[in-house]
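Structure file coords_14.cif; described as mmCIF, C-alpha atoms, pLDDT in the B column; chains and numbers go by the auth columns.
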```cif
data_query
#
loop_
_atom_site.group_PDB
_atom_site.id
_atom_site.type_symbol
_atom_site.label_atom_id
_atom_site.label_comp_id
_atom_site.label_asym_id
_atom_site.label_seq_id
_atom_site.Cartn_x
_atom_site.Cartn_y
_atom_site.Cartn_z
_atom_site.B_iso_or_equiv
_atom_site.auth_seq_id
_atom_site.auth_asym_id
ATOM 1 C CA ASN A 1 0.000 0.000 0.000 88.00 465 U
ATOM 2 C CA TRP A 2 0.972 3.654 -0.250 91.00 466 U
ATOM 3 C CA PRO A 3 0.160 6.481 2.196 91.00 467 U
ATOM 4 C CA ILE A 4 -2.223 9.273 1.231 90.00 468 U
ATOM 5 C CA GLY A 5 -1.064 12.490 2.862 88.00 469 U
ATOM 6 C CA SER A 6 1.161 12.752 5.920 86.00 470 U
ATOM 7 C CA GLY A 7 1.013 14.169 9.419 81.00 471 U
ATOM 8 C CA LYS A 8 -2.252 16.007 10.060 79.00 472 U
ATOM 9 C CA GLU A 9 -3.140 15.641 6.365 83.00 473 U
ATOM 10 C CA PHE A 10 -2.925 11.839 6.473 83.00 474 U
ATOM 11 C CA LYS A 11 -6.145 10.246 5.151 84.00 475 U
ATOM 12 C CA GLY A 12 -5.385 6.578 4.614 85.00 476 U
ATOM 13 C CA VAL A 13 -3.639 4.355 2.106 88.00 477 U
ATOM 14 C CA PHE A 14 -3.901 3.338 -1.523 90.00 478 U
ATOM 15 C CA ASN A 15 -3.831 -0.442 -1.852 88.00 479 U
ATOM 16 C CA ARG A 16 -1.957 -0.926 -5.134 87.00 480 U
ATOM 17 C CA HIS A 17 -2.684 -4.654 -5.353 83.00 481 U
ATOM 18 C CA LYS A 18 -6.456 -4.216 -4.946 84.00 482 U
ATOM 19 C CA ASN A 19 -6.537 -0.800 -6.683 85.00 483 U
ATOM 20 C CA GLN A 20 -8.501 0.762 -3.844 85.00 484 U
ATOM 21 C CA VAL A 21 -8.339 3.664 -1.418 86.00 485 U
ATOM 22 C CA GLU A 22 -8.747 2.733 2.242 84.00 486 U
ATOM 23 C CA VAL A 23 -9.682 5.719 4.408 81.00 487 U
ATOM 24 C CA PHE A 24 -9.494 5.137 8.133 75.00 488 U
ATOM 25 C CA ASP A 25 -11.567 6.662 10.918 67.00 489 U
ATOM 26 C CA ASP A 26 -9.170 8.436 13.268 63.00 490 U
ATOM 27 C CA GLY A 27 -11.858 8.583 15.957 62.00 491 U
ATOM 28 C CA ASN A 28 -11.364 4.907 16.741 58.00 492 U
ATOM 29 C CA HIS A 29 -7.559 4.941 16.443 56.00 493 U
ATOM 30 C CA GLY A 30 -7.658 3.373 12.990 51.00 494 U
ATOM 31 C CA GLN A 31 -9.319 0.198 14.208 55.00 495 U
ATOM 32 C CA ALA A 32 -11.731 0.161 11.302 57.00 496 U
ATOM 33 C CA ILE A 33 -11.789 1.280 7.710 60.00 497 U
ATOM 34 C CA ALA A 34 -14.226 4.203 7.540 61.00 498 U
ATOM 35 C CA ASN A 35 -14.521 4.138 3.765 70.00 499 U
ATOM 36 C CA CYS A 36 -13.112 1.986 1.005 74.00 500 U
ATOM 37 C CA ILE A 37 -13.403 2.808 -2.693 78.00 501 U
ATOM 38 C CA THR A 38 -12.250 0.489 -5.470 79.00 502 U
ATOM 39 C CA GLY A 39 -11.635 1.500 -9.060 81.00 503 U
ATOM 40 C CA ASP A 40 -9.566 3.739 -11.293 85.00 504 U
ATOM 41 C CA PRO A 41 -7.777 6.249 -9.006 88.00 505 U
ATOM 42 C CA SER A 42 -8.313 9.017 -11.591 89.00 506 U
ATOM 43 C CA ASP A 43 -12.093 8.645 -11.146 88.00 507 U
ATOM 44 C CA GLU A 44 -13.955 11.640 -9.687 91.00 508 U
ATOM 45 C CA LYS A 45 -15.156 9.590 -6.699 88.00 509 U
ATOM 46 C CA PHE A 46 -11.548 9.484 -5.435 87.00 510 U
ATOM 47 C CA ASN A 47 -11.269 13.265 -5.783 91.00 511 U
ATOM 48 C CA THR A 48 -14.513 13.710 -3.839 90.00 512 U
ATOM 49 C CA LEU A 49 -13.237 11.496 -1.024 85.00 513 U
ATOM 50 C CA LEU A 50 -9.708 12.929 -0.788 89.00 514 U
ATOM 51 C CA GLY A 51 -9.987 16.523 -1.999 92.00 515 U
ATOM 52 C CA ASP A 52 -8.146 18.139 -4.905 95.00 516 U
ATOM 53 C CA ASP A 53 -4.641 18.380 -3.418 95.00 517 U
ATOM 54 C CA LEU A 54 -4.389 14.875 -1.941 93.00 518 U
ATOM 55 C CA HIS A 55 -6.012 13.337 -5.000 94.00 519 U
ATOM 56 C CA GLU A 56 -3.533 15.040 -7.345 96.00 520 U
ATOM 57 C CA LYS A 57 -0.606 13.962 -5.130 95.00 521 U
ATOM 58 C CA LEU A 58 -1.917 10.376 -5.047 95.00 522 U
ATOM 59 C CA LEU A 59 -2.116 10.261 -8.850 96.00 523 U
ATOM 60 C CA GLU A 60 1.474 11.556 -9.088 96.00 524 U
ATOM 61 C CA ASP A 61 2.656 8.981 -6.530 95.00 525 U
ATOM 62 C CA ILE A 62 0.912 6.129 -8.357 93.00 526 U
ATOM 63 C CA GLU A 63 2.498 7.207 -11.656 93.00 527 U
ATOM 64 C CA LEU A 64 5.936 7.233 -10.028 94.00 528 U
ATOM 65 C CA LEU A 65 5.362 3.826 -8.415 90.00 529 U
ATOM 66 C CA ASP A 66 4.171 2.361 -11.722 89.00 530 U
ATOM 67 C CA ILE A 67 7.375 3.537 -13.411 91.00 531 U
ATOM 68 C CA ALA A 68 9.947 3.013 -10.659 88.00 532 U
ATOM 69 C CA GLY A 69 8.373 0.309 -8.480 80.00 533 U
ATOM 70 C CA ASP A 70 8.166 -3.434 -8.912 82.00 534 U
ATOM 71 C CA ASN A 71 4.939 -5.101 -9.999 83.00 535 U
ATOM 72 C CA PHE A 72 3.218 -7.376 -7.509 84.00 536 U
ATOM 73 C CA ASP A 73 4.775 -10.825 -7.881 89.00 537 U
ATOM 74 C CA LEU A 74 3.529 -13.420 -5.387 88.00 538 U
ATOM 75 C CA ASP A 75 6.091 -15.967 -6.577 91.00 539 U
ATOM 76 C CA GLY A 76 8.890 -13.429 -6.026 89.00 540 U
ATOM 77 C CA ILE A 77 7.577 -12.711 -2.527 87.00 541 U
ATOM 78 C CA LEU A 78 7.384 -16.408 -1.649 84.00 542 U
ATOM 79 C CA LYS A 79 10.955 -16.918 -2.906 83.00 543 U
ATOM 80 C CA GLY A 80 12.171 -13.950 -0.840 81.00 544 U
ATOM 81 C CA GLU A 81 13.160 -11.993 -3.958 88.00 545 U
ATOM 82 C CA LEU A 82 10.587 -9.210 -3.437 87.00 546 U
ATOM 83 C CA THR A 83 9.444 -7.601 -0.198 88.00 547 U
ATOM 84 C CA PRO A 84 6.011 -5.980 -0.015 88.00 548 U
ATOM 85 C CA VAL A 85 5.764 -2.672 1.867 88.00 549 U
ATOM 86 C CA PHE A 86 2.857 -1.750 4.134 90.00 550 U
ATOM 87 C CA PHE A 87 2.211 1.598 5.800 88.00 551 U
ATOM 88 C CA GLY A 88 0.482 1.753 9.157 81.00 552 U
ATOM 89 C CA SER A 89 0.990 2.240 12.872 77.00 553 U
ATOM 90 C CA ALA A 90 0.812 -0.377 15.597 77.00 554 U
ATOM 91 C CA LEU A 91 0.735 2.481 18.123 74.00 555 U
ATOM 92 C CA THR A 92 -2.570 3.835 16.805 73.00 556 U
ATOM 93 C CA ASN A 93 -3.712 0.493 15.333 76.00 557 U
ATOM 94 C CA PHE A 94 -3.960 2.166 11.922 78.00 558 U
ATOM 95 C CA GLY A 95 -3.583 -0.300 9.059 80.00 559 U
ATOM 96 C CA VAL A 96 -2.898 -3.330 11.254 83.00 560 U
ATOM 97 C CA GLU A 97 -5.954 -5.324 10.150 83.00 561 U
ATOM 98 C CA PRO A 98 -5.356 -4.822 6.387 84.00 562 U
ATOM 99 C CA PHE A 99 -1.687 -5.740 6.896 88.00 563 U
ATOM 100 C CA LEU A 100 -2.591 -8.969 8.713 90.00 564 U
ATOM 101 C CA GLU A 101 -5.184 -9.880 6.059 88.00 565 U
ATOM 102 C CA SER A 102 -2.633 -9.311 3.284 88.00 566 U
ATOM 103 C CA PHE A 103 0.049 -11.160 5.226 89.00 567 U
ATOM 104 C CA LEU A 104 -2.188 -14.240 5.400 89.00 568 U
ATOM 105 C CA GLU A 105 -2.823 -14.040 1.648 86.00 569 U
ATOM 106 C CA ILE A 106 0.823 -13.698 0.569 87.00 570 U
ATOM 107 C CA THR A 107 2.739 -15.937 2.959 84.00 571 U
ATOM 108 C CA ALA A 108 3.504 -19.604 2.594 78.00 572 U
ATOM 109 C CA PRO A 109 2.755 -22.087 5.366 78.00 573 U
ATOM 110 C CA PRO A 110 5.686 -23.240 7.507 79.00 574 U
ATOM 111 C CA SER A 111 7.927 -25.713 5.708 80.00 575 U
ATOM 112 C CA PRO A 112 10.711 -28.030 6.868 84.00 576 U
ATOM 113 C CA ARG A 113 14.118 -26.432 7.485 83.00 577 U
ATOM 114 C CA SER A 114 17.592 -27.879 7.792 86.00 578 U
ATOM 115 C CA SER A 115 19.610 -27.338 10.958 86.00 579 U
ATOM 116 C CA ASN A 116 22.833 -28.634 12.460 91.00 580 U
ATOM 117 C CA LEU A 117 20.685 -31.339 14.114 84.00 581 U
ATOM 118 C CA GLY A 118 19.020 -32.386 10.859 87.00 582 U
ATOM 119 C CA ASP A 119 15.703 -31.472 9.283 88.00 583 U
ATOM 120 C CA ILE A 120 13.079 -29.781 11.459 84.00 584 U
ATOM 121 C CA ASP A 121 9.469 -30.558 10.571 87.00 585 U
ATOM 122 C CA PRO A 122 7.067 -27.703 11.483 84.00 586 U
ATOM 123 C CA ILE A 123 4.295 -30.178 12.382 84.00 587 U
ATOM 124 C CA SER A 124 6.525 -32.150 14.758 82.00 588 U
ATOM 125 C CA SER A 125 5.462 -32.097 18.424 81.00 589 U
ATOM 126 C CA ASN A 126 8.995 -30.867 19.309 77.00 590 U
ATOM 127 C CA PHE A 127 8.762 -27.830 17.019 71.00 591 U
ATOM 128 C CA SER A 128 8.104 -24.429 18.611 71.00 592 U
ATOM 129 C CA GLY A 129 8.984 -21.834 15.929 68.00 593 U
ATOM 130 C CA PHE A 130 11.518 -20.491 13.444 59.00 594 U
ATOM 131 C CA ILE A 131 13.079 -17.088 14.121 61.00 595 U
#
```
Would you put the structure from the file into structure tokens?
Amino acid sequence: NWPIGSGKEFKGVFNRHKNQVEVFDDGNHGQAIANCITGDPSDEKFNTLLGDDLHEKLLEDIELLDIAGDNFDLDGILKGELTPVFFGSALTNFGVEPFLESFLEITAPPSPRSSNLGDIDPISSNFSGFI
């Protein structure tokens, strides 16, 4: 995702993968999405939601990301060749739920790993976790 505004002008994030704007309600410390609009970011409904200045800045940011950023590649993420970036704040709980939902969608289940003691099976009763 990509932030829309910053500081006191912060409104929410643009989810590039889902092509949607997620505006959060600051009255509940970002615990819930107040409004979510999906579609072409140049559409007037985005301008109505964000206002002229933030909408124009978002369109510029998206253009830059499309040129300079990497495309979403789930296989690259699973291989560790690409790292997705999420904006949010655990302190205010802003963006935590969308991050966790995305994390569940783009991560692989635990798989066996080799160690100096041999292979470790993640479903073994002796397994506790990989760090």
Nearby residues (all atoms listed in the file) at most 7 Å from Asn465 of chain U, same-chain spacing under 4 positions excluded, as an MDAnalysis selection string:
chainID U and resid 477:480 549:551
Quick check, in Å to one decimal: how far apart do atom CA of His481 of chain U and atom CA of Asn557 of chain U lie?
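The value is 21.3 Å.
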For segment 551-554 of chain U, I'd like the enclosing box, axis-aligned and padded by 6 Å on every side, reported as AutoDock Vina command-line options with centre and edge lengths in Å to one decimal.
```
--center_x 1.3 --center_y 0.9 --center_z 10.7 --size_x 13.7 --size_y 14.6 --size_z 21.8
```
State, in Å with one decimal place, the distance from atom CA of Phe488 of chain U to atom CA of Glu524 of chain U.
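Calculated distance between atom CA of Phe488 of chain U and atom CA of Glu524 of chain U is 21.4 Å.
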Could you tell me how far atom CA of Asn499 of chain U lies from atom CA of Gly476 of chain U, in Å and to one decimal?
9.5 Å
Surrounding residues of Gly503 of chain U excluding itself and chain neighbours under 3 positions, 9 Å, all atoms listed in the file, as a ChimeraX atom specification
/U:482-485,506-507,510
Once the PyMOL selection byres ((chain U and resi 547) around 12) has been evaluated on this model, what residues remain selected, and can you format them as an NGL selection string?
:U and (533-546 or 548-550 or 567 or 570-571)
Matched chain/residue IDs from the PyMOL selection byres ((chain U and resi 468-471) around 10), as a PyMOL selection string
chain U and resi 465-467+472-478+485-487+514+517-519+521-522+525+551
